[in-house]
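Down below is the structure, laid out as structure tokens.
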Amino acid sequence: MKINLPPQKDIRYDPITTSSEWSFELIREFDRVIGEAAREFRLDTYPNQIEIISSEQMMDAYSSVGMPVGYHHWSFGKQFLQTQGNYERGYMGLAYEIVINSNPCIAYLMEENTMAMQALVIAHACYGHNSFFKNNYLFKTWTDATAIIDYLVFAKDYVAKCESRYGVPAVEKILDSCHALQNYGVDRYKRPSPISAAEELARQEEREAYMQQQLNLLWRTIPTRSEEGEQKKSNHFPSEPQENLLYFIEKNAPLLEPWQRELVRIVRKIAQYFYPQRQTQVMNEGWASFWHYTLMHTMYDRGYVNEGFMFEFLSSHSAVIYQPPYDSKIYSGLNPYTLGFNIYSDLRRMCENPTDEDREWFPDVAGKDWLDTLHFAMENFKDESFIQQYLSPKVMRDMRLFCIYDDDELPEYEIRAIHDDSGYRTLRAALAEQYNLSTREPDIQVIDVNLRGDRSLILKHTRHNNIPLNKETDEVLKHVHRLWGFDVHLESYNADKLIAHASVPTGLKSEEESHLDQFRYI
Amino acid sequence: MINTYVIDRRLNGKNKSAVNRKRFLERYKKHIKKAVNEAVNSRSITDMEHGESISIPADDIREPIFGHGPGGRRTIVNPGNKEFVTGDRIAKPPGGGGQGQGGGQASDSGEGMDDFTFNITQDEFLEFLFEDLELPNLVRKELKSMDDFVYRHAGYTNTGVPAKINVVRSLKNAHARRIALSGKSRRRLKEILKSIEEEEAKDSALRNLQFLQDLNHEKERLETKISRLPFIDDFDLRYNLSAKEPVPSNAAVMFCLMDVSGSMTQATKDIAKRFFLLLYMFLRRNYEKIEVVFIRHHTSAKEEEEEEFFYSRETGGTIVSSALRMMQSIVNERYPTNAWNIYAAQASDGDNWNDDSPLCQRLLEQEILPHVQYFSYIEITPRDHQALWHAYEQVKESHPNHFAMEQIVDQSDIFPVFRQLFQRKVT
């Protein structure tokens, strides 16, 4: 196959290097020129901290979700062994980089990368992801990049302190249970107070005392005279359903020790920190891919890199944004890099070369300033709303998207929409919904606690499209039970009709249960 | 504007996950141990030098979370349409139930996961193999081997190597010296500053300019004098002092007594060698300073080096007591019982010259057992026991805490018997 690169438009410089070996000087030089171009495109970033690591260190980074510090837990060890095994058997390559939403923004580069790869990664992570972290509203609202490293250090020390005081198994049990619920440890609508380690430490002891006192009020068993009348009026607790299960448990579980509550809090806070990343995968990866592509071409246009360098870059780039079709053996869902890259690229095209279709579908975009448009799109959306807002008919056609409807009560799949005039809107709405976290995960909330009786906790699962819970549910309920300390019931509703019920009663004495009991008397 | 820092982290430790990995191994110990025990029986005699691949069923290792199961109504968007048009209906694959579409939601259920497989190192392999095993009745004997030391912190000293400098102490000294040596000058400087202030506060007509100039001159002189004092000087330096302290050691010796007589077939010899190899590895690994004495016997006994013990070929008739006598004389010569923990392991097919077995019993009961911590005997035979076994049974009755015996029929018994003999006893 013959590929021609377009002619360089604006040659002002000699290539920085023609070798594929990297060196620290070259990395600094590439960072300088890429950074210069990034600023011309108004990419506003945190300072960068580029760390060169070996492949073993990359595996370490993998197993701690990229975090430079983290508390110890067996599940991270499992993750590590899994990565190591897959890597050594050649089932997977390691990522070229990992980037952390912190200030300064830490990016890990692998020493095995060639110079062209390092340049790609610098453009992708240090300018693409970094500017996304700093400017997307979800990250601005929910995470505090300056505090996260300190908080992780606090968490690590606190967990270690608990381990030495109460023993590793006791701490591990609580963390296991919290991990089972970590997707239910986030506030979706309320803005949390930013976390800062210094404050955290100072407030932590105060909190222990205060919380215990609050609890005692809630669980007071000796009724006072005046209360009895009152009780009839407000015997419902919580007064409104609570979707942040870990928060509810941290504040209200009757039997947890103060240190156990603090562990719940730590898992909850870290889950909250990752929540924006889970909601902006397409946007974030698309943004970073769009910019590595654009920045590298700018480097080429200016003569900083030669054609050989560009060919290597383009072959990596096309591997990253390759989307196998649905019937391919290696198909595993939509590639967020591809989808995001295509949407951003098409936004730029609509601004620069609008067609009639674009003017009809996107009057606010067609022919406008492309940088303004892209920055606005990056800053103000999450995956779901971004797709709903910006997925254009051209991208749907190019990717040949189609929508399947699958009802388990029907013998056939139905093609609901394809990439044609009648299907664009349906397709776009369906794809946006696919990235809606609140329908991707089951809707489970605390609706009632039996305050004066057996102290049981009642969770309500509201079925979406009649989709049932998976078979791990019972196991998760045992974890809820371990934290709550009393009976836990889960009721599954479909359109206000109770259709399934699961319980972990205290009386049950299976093997798992009996060590739950042990836990209770710690 | 420098906005980027490039850091080389490659020199940092690469074992950040070591603790988490260890926690994982600890948690799934039961599974790993089972795999290790199975592996040790199937490995060849010299093949203990590598790790092992361990498999754990995916179900045992899953971290459960709430998620959607199969079923319900779903709408899935896929790429790469070729021939579908709106309204097409496609029959579902039988029994598939919507799985295998690979769409976002279907993959959440995590079905069809393989076993979780990972590798442990040789070191870990042996650790799991020899876990909970120990030499019974080990006691601290007198301070024998004087090469066992610990370094203890023992204050500070004026001389030492730079690596041992105690920074805090040294700076404290420097600070004290600076205060002491500059005291007079600083007092004088203070007075002069005060005089300067007073002089300058006077009305300009009354000011004695010459006096003021002298004062300033003096002030400068004092200030340079103070600043000339070295911040840190050689004799400020203090070094951490460590003292060597001898520690009592658990000096121990293991006697390996192996029968190589003609009645031992190649298979039984192989089993005996495997047993001793296991024992030898266990000792090397868990008891760094232990000495091992190898004795082989047919009609006469001979002390051997490790290499010969395991690999040389030599046969003849059988007189078991020759080995016991040899052991006894070596103990008397080289291992005084007040300084040494003495252990012995004996392997034989149970064949002995008939008159010899009572002699063995007497030797053991009277000469050997009073001085040893533990004597273990394994008999490798699928046949009925003979005189030696019955003689030893009596020994066992009279010395239940210091004598143990087990039978090995085939290769798969080796490790279980080994465990049985050296199981850590809960006291």
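Chain lettering (A, B, ...) mirrors the order of the structure tokens, residue numbering begins at 1 for each chain separately, and ligand numbering begins at 1 in order of display.
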
Could you tell me which residues of chain B sit within 7 Å of chain A when counting only C-alpha atoms, and give me the result as an mmCIF file with C-alpha atoms, in the first residue's frame?
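Once everything was written out, this is out31.cif:
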```
data_model
loop_
_atom_site.group_PDB
_atom_site.id
_atom_site.type_symbol
_atom_site.label_atom_id
_atom_site.label_comp_id
_atom_site.auth_asym_id
_atom_site.auth_seq_id
_atom_site.Cartn_x
_atom_site.Cartn_y
_atom_site.Cartn_z
ATOM 1 C CA ASN B 3 6.181 23.917 33.016
ATOM 2 C CA THR B 4 7.402 20.364 32.814
ATOM 3 C CA TYR B 5 9.603 18.241 35.000
ATOM 4 C CA VAL B 6 11.091 15.072 33.617
ATOM 5 C CA ILE B 7 12.025 12.516 36.229
ATOM 6 C CA ASP B 8 13.818 9.221 35.792
ATOM 7 C CA ARG B 9 11.968 6.779 38.027
ATOM 8 C CA ARG B 10 13.554 3.643 36.681
ATOM 9 C CA LYS B 14 9.987 -1.965 40.978
ATOM 10 C CA LYS B 16 5.749 -1.664 44.736
ATOM 11 C CA SER B 17 3.163 -4.385 44.384
ATOM 12 C CA VAL B 19 2.943 -6.296 49.605
ATOM 13 C CA ASN B 20 -0.319 -6.576 47.693
ATOM 14 C CA ARG B 21 0.948 -9.663 45.937
ATOM 15 C CA ARG B 23 -1.576 -10.399 50.644
ATOM 16 C CA PHE B 24 -3.109 -12.139 47.692
ATOM 17 C CA GLU B 63 -14.942 -9.611 43.718
ATOM 18 C CA PRO B 64 -18.713 -9.290 43.565
ATOM 19 C CA ILE B 65 -20.456 -6.046 42.641
ATOM 20 C CA PHE B 66 -24.050 -5.171 41.829
ATOM 21 C CA GLY B 67 -24.577 -5.439 38.106
ATOM 22 C CA HIS B 68 -27.105 -6.310 35.460
ATOM 23 C CA GLY B 69 -27.743 -9.932 34.667
ATOM 24 C CA GLY B 71 -32.466 -10.649 30.321
ATOM 25 C CA GLY B 72 -34.785 -7.701 30.141
ATOM 26 C CA ARG B 73 -35.027 -5.272 27.270
ATOM 27 C CA ARG B 74 -31.850 -3.746 25.886
ATOM 28 C CA THR B 75 -30.945 -1.437 23.073
ATOM 29 C CA ILE B 76 -27.390 -1.834 21.868
ATOM 30 C CA VAL B 77 -25.544 0.283 19.334
ATOM 31 C CA ASN B 78 -22.872 -1.491 17.286
ATOM 32 C CA PRO B 79 -20.544 -0.335 14.508
ATOM 33 C CA GLY B 80 -19.784 -1.806 11.104
ATOM 34 C CA ASN B 81 -23.274 -2.369 9.690
ATOM 35 C CA VAL B 85 -31.909 -2.053 7.375
ATOM 36 C CA THR B 86 -34.389 -0.708 9.901
ATOM 37 C CA GLY B 87 -37.050 -3.220 10.838
ATOM 38 C CA ASP B 88 -34.965 -6.323 10.107
ATOM 39 C CA ARG B 89 -35.516 -9.204 12.446
ATOM 40 C CA ILE B 90 -32.779 -11.686 13.226
ATOM 41 C CA ALA B 91 -33.386 -14.966 14.979
ATOM 42 C CA LYS B 92 -31.534 -15.304 18.283
ATOM 43 C CA GLY B 97 -30.113 -15.527 25.511
ATOM 44 C CA GLY B 102 -20.423 -8.118 23.387
ATOM 45 C CA GLY B 103 -22.245 -4.836 23.726
ATOM 46 C CA GLY B 104 -21.493 -2.621 26.717
ATOM 47 C CA GLN B 105 -23.999 -4.212 29.021
ATOM 48 C CA SER B 109 -21.861 -9.817 33.626
ATOM 49 C CA PHE B 118 -0.399 -16.997 37.865
#
```

>> Quick check for you: according to DSSP on this backbone, which residues of stretch 74-239 of chain B are classed as alpha helix (DSSP H)? Reply as a count of residues only.
In response: 68

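Across A:Leu201, A:Phe41, A:Asp187, A:Arg165, the tightest approach to A:Asp150 is made by A:Leu201 when counting only C-alpha atoms.
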
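Of the listed residues (A:Ala202, A:Gln281, A:Leu26, A:Lys173), A:Gln281 comes nearest to A:Phe381; the distances count only C-alpha atoms.
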
Pull the strand (DSSP E or B) assignments for stretch 201-406 of chain A out of DSSP run on the backbone, and list those residues as a compact mmCIF listing (two decimals) with N, CA and C atoms, in the first residue's frame.
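states_22.txt was written with the following content:
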```txt
# COMPACT_ATOMS: atom_id res chain seq x y z
N GLN A 242 -31.92 6.95 49.73
CA GLN A 242 -30.52 7.35 49.66
C GLN A 242 -29.81 6.47 48.63
N PHE A 402 -25.45 0.97 13.96
CA PHE A 402 -26.83 0.50 13.90
C PHE A 402 -27.26 0.06 15.29
N CYS A 403 -28.56 0.02 15.47
CA CYS A 403 -29.08 -0.17 16.81
C CYS A 403 -29.95 -1.41 16.87
N ILE A 404 -29.60 -2.33 17.79
CA ILE A 404 -30.33 -3.58 17.94
C ILE A 404 -31.22 -3.51 19.17
N TYR A 405 -32.44 -4.00 19.03
CA TYR A 405 -33.32 -4.08 20.19
C TYR A 405 -33.45 -5.55 20.59
N ASP A 406 -33.20 -5.81 21.86
CA ASP A 406 -33.20 -7.20 22.33
C ASP A 406 -34.13 -7.33 23.52
```

> Suppose you want the space between atom CA of A:Tyr96 and atom CA of A:Phe311; what is it in Å?
Replying inline: 17.4 Å

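Interatomic distance, atom CA of A:Met67 against atom CA of B:Phe116: 24.2 Å.
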
> Do you have the atom CA of B:Val331-atom CA of B:Gly317 distance handy?
Replying inline: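 Taking atom CA of B:Val331 and atom CA of B:Gly317, their separation equals 25.1 Å.
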
>> I'd like the contact shell of stretch 378-386 of chain B - 8 Å cut-off, only C-alpha atoms, skipping same-chain residues fewer than 3 positions apart - returned as a PyMOL selection string.
In response: chain B and resi 268+271-272+345-351+389-390+405-410

>> Let me make sure I understand: among B:Ala39, B:Leu359, B:Leu277, B:Leu237, which one has the smallest atom-to-atom distance to B:Met258 if we use only C-alpha atoms?
In response: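 Looking at the shortest contact to B:Met258, the residue is B:Leu277.
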